[in-house]
Structure formats: structure tokens, C-alpha cells
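The next block holds one structure in the form of C-alpha cells; read it before the comments.
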Amino acid sequence: QIVFPDGSVAYLNSDTKLRYPKKFAFSDRKVHLDGEAYFEIEKNASRPFIVELDSVAINVLGTSFNLEAYSSERTISLILDEGKVNLRPLSGTKKYALDPGEKMIYDKLNGSCIILANNSYVSPSLWKDDVVYLKNKPLEEVIKVLDRKYDTRFEILDQEALKYSYTI
């Protein structure tokens with residue numbers, strides 16, 4: 001957990017890197033994320049909070065959201081709990097707005113963006129409480145999550161297991 005001078009908080013998941021300036025909040029509120037974090041941002045209309053990723057920037061006013069943006073992954077996933085956020089690709093003029101309860105999936109390779117209503121809502125930040133929650137996920141994704149969390153390498157001996165989805 002990181003508490004910034006402006007009162008904003010970031011909870012970092014496994015294998016996550018967050019960079020921010022030494023004089024955070026004096027001129028701007030900008031951080032760079034590689035990984036997954038849950039943010040609780042203090043409102044400041046004159047200085048929006050900006051989360052920079054390799055290919056996009058997320059503009060935030062006062063809000064709470066979970067952002068999964070590992071540089072090794074093809075997609076960026078953002079789930080908004082409350083407030084308002086905008087995702088803006090660094091190469092272009094498009095902006096994608098998200099409302100509370102919605103999930104955004106942005107494809108870094110082709111620039112496509114999907115916004116979904118999060119009907120089967122499960123808190124995206126269960127990992128903050130040391131809970132792993134995976135529903136109907138392919139084994140490859142399950143292994144990726146467990147590998148990050150426990151820093152353990154898994155070896156699949158029977159390739160048949162890759163055909164199934166798992167709920168943990």
C-alpha cells in the first residue's frame with residue numbers, strides 16, 4: 001500500500017511496479033504503472049490524477065478503481081467502483097469514458113476497446129485481502145495468476161488439462 005501526500009492510496013498486487021516523482025502533487029499527480037493496482041484517488045479538479053502505462057494514460061478525478069496493466073500482457077483491464085475515469089491512447093485523440101460498475105478491456109496491439117456492464121460483479125480487488133478469485137478461467141490464465149502471486153513456476157505434465165476452465 002502506498003499513501004500519497006494528497007491522501008490518495010494505491011494498493012499494489014504481486015509483480016507490480018509503480019513509479020512517481022519525489023515531489024508528487026506539488027505540480028501534477030502522475031504515476032507510471034506496470035502491473036495491477038487498486039486506486040482510491042482524492043478529488044482535485046485542478047490537478048487530475050494520471051496513471052500512465054506504456055501505450056495509454058488514464059485520467060482520474062476522485063474515484064476508486066482496479067487497473068490490471070502488466071506490460072507483458074496484450075490487454076489492459078480497468079474496473080471502476082466509483083467516480084469517473086477516461087482512458088486515452090497516447091497515439092491518437094480518442095477517449096474512452098467509464099462509469100461505475102463497468103469494465104473496460106483495451107487491446108494494446110490493435111487499439112480496440114470494449115466496455116462491459118459488470119453484471120456478475122465480484123470486487124476486482126479481492127487480491128488486496130489475499131484472496132485469489134478466478135471464475136471459469138483457462139488453466140493458462142490460472143497458472144499466470146498463481147505464478148505472479150506465489151513466485152512459483154508450474155509445469156503441466158498432461159496437456160489435456162489445458163482444455164478445461166477452472167474456478168478457484
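If you're wondering about the labels, chains in the C-alpha cells are A, B, ... by order shown, residues count from 1 in each chain, ligands from 1 in order shown.
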Write out as a tab-separated table a residue-level contact list of stretch 40-150 of chain A versus stretch 7-20 of chain A with cut-off 7 Å: for each qualifying residue the closest pair of atoms and the distance in Å to one decimal, counting only C-alpha atoms, rows sorted by chain and residue number upward.
residue	atom	partner	partner_atom	distance
A:Glu40	CA	A:Val9	CA	5.1
A:Ile41	CA	A:Ser8	CA	4.5
A:Glu42	CA	A:Ser8	CA	5.1
A:Trp127	CA	A:Asn13	CA	7.0
A:Lys128	CA	A:Tyr11	CA	6.9
A:Arg148	CA	A:Ser14	CA	5.8
A:Lys149	CA	A:Ser14	CA	5.3
Just want the 8 Å neighbourhood of stretch 52-54 of chain A, counted on only C-alpha atoms, with same-chain residues fewer than 5 positions away dropped. Output as a compact mmCIF listing (two decimals) with all heavy atoms, in the first residue's frame.
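Saved result, out.txt, follows:
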# COMPACT_ATOMS: atom_id res chain seq x y z
N LYS A 30 0.99 12.42 -11.21
CA LYS A 30 1.19 11.47 -12.30
C LYS A 30 2.03 10.29 -11.81
O LYS A 30 3.05 10.49 -11.15
CB LYS A 30 1.91 12.17 -13.45
CG LYS A 30 1.93 11.40 -14.74
CD LYS A 30 2.65 12.16 -15.83
CE LYS A 30 1.87 13.38 -16.26
NZ LYS A 30 2.44 14.05 -17.43
N VAL A 31 1.57 9.07 -12.12
CA VAL A 31 2.32 7.86 -11.77
C VAL A 31 2.43 6.99 -13.02
O VAL A 31 1.67 7.17 -13.98
CB VAL A 31 1.63 7.05 -10.64
CG1 VAL A 31 1.53 7.87 -9.36
CG2 VAL A 31 0.26 6.55 -11.05
N HIS A 32 3.39 6.07 -13.02
CA HIS A 32 3.53 5.11 -14.13
C HIS A 32 3.40 3.71 -13.54
O HIS A 32 4.09 3.37 -12.57
CB HIS A 32 4.89 5.28 -14.82
CG HIS A 32 5.01 4.42 -16.03
ND1 HIS A 32 5.40 3.10 -15.98
CD2 HIS A 32 4.74 4.67 -17.34
CE1 HIS A 32 5.39 2.59 -17.19
NE2 HIS A 32 4.99 3.52 -18.04
N LEU A 33 2.50 2.91 -14.12
CA LEU A 33 2.19 1.57 -13.61
C LEU A 33 2.58 0.49 -14.59
O LEU A 33 2.35 0.61 -15.79
CB LEU A 33 0.69 1.47 -13.32
CG LEU A 33 0.18 0.11 -12.82
CD1 LEU A 33 0.65 -0.15 -11.39
CD2 LEU A 33 -1.33 0.03 -12.91
N ASP A 34 3.18 -0.57 -14.06
CA ASP A 34 3.37 -1.82 -14.79
C ASP A 34 2.95 -2.92 -13.84
O ASP A 34 3.68 -3.26 -12.91
CB ASP A 34 4.83 -2.01 -15.23
CG ASP A 34 5.06 -3.34 -15.96
OD1 ASP A 34 4.08 -4.09 -16.19
OD2 ASP A 34 6.22 -3.64 -16.28
N ALA A 69 -2.60 -3.90 -15.73
CA ALA A 69 -1.88 -3.45 -16.92
C ALA A 69 -0.43 -3.93 -16.88
O ALA A 69 0.50 -3.13 -16.80
CB ALA A 69 -1.94 -1.93 -17.01
N SER A 71 2.87 -5.06 -18.51
CA SER A 71 3.45 -4.79 -19.83
C SER A 71 3.60 -6.06 -20.65
O SER A 71 3.60 -6.01 -21.87
CB SER A 71 4.80 -4.07 -19.69
OG SER A 71 5.70 -4.85 -18.94
Taking the backbone alone, and naming residues the way the document does, which bits of stretch 11-149 of chain A are helix (DSSP H, G or I) by DSSP, as a PyMOL selection string? chain A and resi 126-129+139-149
Would you output that residue set with C-alpha atoms, as a JSON list (two decimals), in the first residue's frame?
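As written to disk, out.json reads:
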[["chain", "number", "residue", "atom", "x", "y", "z"],
["A", 126, "LEU", "CA", -10.06, -9.25, -3.57],
["A", 127, "TRP", "CA", -6.31, -9.75, -4.04],
["A", 128, "LYS", "CA", -5.82, -6.85, -1.55],
["A", 129, "ASP", "CA", -7.23, -9.17, 1.12],
["A", 139, "LEU", "CA", -5.62, -23.18, -16.97],
["A", 140, "GLU", "CA", -3.00, -21.00, -18.67],
["A", 141, "GLU", "CA", -4.54, -17.90, -17.05],
["A", 142, "VAL", "CA", -4.86, -19.66, -13.68],
["A", 143, "ILE", "CA", -1.17, -20.57, -13.80],
["A", 144, "LYS", "CA", -0.20, -16.99, -14.72],
["A", 145, "VAL", "CA", -2.10, -15.60, -11.70],
["A", 146, "LEU", "CA", -0.70, -18.18, -9.28],
["A", 147, "ASP", "CA", 2.82, -17.77, -10.66],
["A", 148, "ARG", "CA", 2.69, -13.99, -10.06],
["A", 149, "LYS", "CA", 1.18, -14.33, -6.61]]
Figure out the distance between atom CA of A:Met104 and atom CA of A:Ile76, please, to one decimal in Å. 7.9 Å
Leaving out A:Ile58 and any residue of its chain fewer than 4 positions from it, which residues lie within 6 Å of it when counting only C-alpha atoms, given as a ChimeraX atom specification? /A:50-51,86-87
For C-alpha atoms, I'd like the residues from the last selection saved as an mmCIF file, in the first residue's frame.
data_model
loop_
_atom_site.group_PDB
_atom_site.id
_atom_site.type_symbol
_atom_site.label_atom_id
_atom_site.label_comp_id
_atom_site.auth_asym_id
_atom_site.auth_seq_id
_atom_site.Cartn_x
_atom_site.Cartn_y
_atom_site.Cartn_z
ATOM 1 C CA ILE A 50 -2.972 10.438 -14.203
ATOM 2 C CA VAL A 51 -1.888 6.810 -14.443
ATOM 3 C CA ASN A 86 -11.076 8.295 -19.048
ATOM 4 C CA LEU A 87 -8.637 6.105 -20.939
#
Interatomic distance between atom CA of A:Ala117 and atom CA of A:Pro100? 9.2 Å
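For the pair atom CA of A:Ile114 and atom CA of A:Asn44, the interatomic distance is 28.0 Å.
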Can you tell me, as a ChimeraX atom specification, what residues are no more than 9 Å from A:Cys113 when counting only C-alpha atoms, ignoring any on the same chain fewer than 5 positions away? /A:96,104-107
Saved selection, atoms kept: N, CA and C atoms, as a CSV table (one decimal), in the first residue's frame:
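Final output, again_36.csv:
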chain,number,residue,atom,x,y,z
A,96,TYR,N,-11.9,7.0,-24.0
A,96,TYR,CA,-13.0,6.1,-23.6
A,96,TYR,C,-13.3,6.4,-22.1
A,104,MET,N,-13.6,-2.1,-18.5
A,104,MET,CA,-13.1,-1.8,-19.8
A,104,MET,C,-11.9,-2.7,-20.1
A,105,ILE,N,-11.9,-3.3,-21.4
A,105,ILE,CA,-10.8,-4.1,-21.8
A,105,ILE,C,-10.2,-3.4,-23.1
A,106,TYR,N,-9.0,-3.0,-23.0
A,106,TYR,CA,-8.3,-2.3,-24.1
A,106,TYR,C,-7.2,-3.2,-24.6
A,107,ASP,N,-7.2,-3.4,-25.9
A,107,ASP,CA,-6.2,-4.2,-26.6
A,107,ASP,C,-5.1,-3.3,-27.1
Spatial neighbours of A:Gly111, max dist 12 Å, only C-alpha atoms, sep filter under 6 positions, as a list of chain:residue names: A:Ser55, A:Val56, A:Arg74, A:Thr75, A:Ile76, A:Leu87, A:Arg88, A:Pro89, A:Leu90, A:Ser91, A:Gly92, A:Thr93, A:Lys94, A:Lys95, A:Tyr96, A:Ile105
Could the residues in this selection be saved with N, CA, C and O atoms as a CSV table (one decimal), in the first residue's frame?
chain,number,residue,atom,x,y,z
A,55,SER,N,1.2,2.5,-23.4
A,55,SER,CA,0.6,2.9,-24.6
A,55,SER,C,-0.7,3.8,-24.3
A,55,SER,O,-1.2,4.3,-25.3
A,56,VAL,N,-1.1,4.0,-23.1
A,56,VAL,CA,-2.3,4.8,-22.7
A,56,VAL,C,-2.1,5.6,-21.5
A,56,VAL,O,-1.1,5.3,-20.7
A,74,ARG,N,-1.3,-8.6,-23.4
A,74,ARG,CA,-1.8,-7.9,-24.5
A,74,ARG,C,-2.9,-6.8,-24.2
A,74,ARG,O,-3.1,-5.8,-24.9
A,75,THR,N,-3.6,-7.1,-23.1
A,75,THR,CA,-4.7,-6.2,-22.8
A,75,THR,C,-4.5,-5.5,-21.5
A,75,THR,O,-3.8,-5.9,-20.6
A,76,ILE,N,-5.3,-4.4,-21.3
A,76,ILE,CA,-5.4,-3.6,-20.1
A,76,ILE,C,-6.8,-3.8,-19.6
A,76,ILE,O,-7.7,-3.6,-20.4
A,87,LEU,N,-9.8,6.7,-20.4
A,87,LEU,CA,-8.6,6.1,-20.9
A,87,LEU,C,-8.4,6.8,-22.3
A,87,LEU,O,-9.3,6.9,-23.1
A,88,ARG,N,-7.1,7.2,-22.5
A,88,ARG,CA,-6.7,7.9,-23.7
A,88,ARG,C,-5.5,7.2,-24.3
A,88,ARG,O,-4.4,7.3,-23.6
A,89,PRO,N,-5.6,6.6,-25.5
A,89,PRO,CA,-4.4,6.1,-26.1
A,89,PRO,C,-3.4,7.2,-26.4
A,89,PRO,O,-3.8,8.3,-26.8
A,90,LEU,N,-2.1,7.0,-26.2
A,90,LEU,CA,-1.1,8.0,-26.3
A,90,LEU,C,-1.0,8.4,-27.8
A,90,LEU,O,-0.6,9.5,-28.1
A,91,SER,N,-1.3,7.5,-28.7
A,91,SER,CA,-1.2,7.8,-30.1
A,91,SER,C,-2.6,7.9,-30.7
A,91,SER,O,-3.2,7.0,-31.1
A,92,GLY,N,-3.1,9.1,-30.6
A,92,GLY,CA,-4.5,9.4,-31.1
A,92,GLY,C,-5.2,10.4,-30.3
A,92,GLY,O,-4.7,10.8,-29.3
A,93,THR,N,-6.5,10.6,-30.7
A,93,THR,CA,-7.3,11.6,-30.0
A,93,THR,C,-8.5,11.0,-29.3
A,93,THR,O,-9.3,11.7,-28.7
A,94,LYS,N,-8.7,9.7,-29.5
A,94,LYS,CA,-9.9,9.0,-28.9
A,94,LYS,C,-9.7,9.0,-27.3
A,94,LYS,O,-8.7,9.0,-26.8
A,95,LYS,N,-10.9,9.1,-26.7
A,95,LYS,CA,-11.0,8.9,-25.3
A,95,LYS,C,-12.1,7.9,-25.0
A,95,LYS,O,-13.2,7.9,-25.7
A,96,TYR,N,-11.9,7.0,-24.0
A,96,TYR,CA,-13.0,6.1,-23.6
A,96,TYR,C,-13.3,6.4,-22.1
A,96,TYR,O,-12.5,6.3,-21.3
A,105,ILE,N,-11.9,-3.3,-21.4
A,105,ILE,CA,-10.8,-4.1,-21.8
A,105,ILE,C,-10.2,-3.4,-23.1
A,105,ILE,O,-10.9,-3.3,-24.1
Show which residues sit within 9 Å of A:Pro48, as an MDAnalysis selection string. Count only C-alpha atoms, and ignore same-chain residues fewer than 5 positions away. chainID A and resid 28:30 43 59:62
Need to verify the contact set: A:Phe26, 10 Å, only C-alpha atoms, exclusion of same-chain residues closer than 4 positions in sequence. Can you return it as a ChimeraX atom specification? /A:5-6,21-22,47
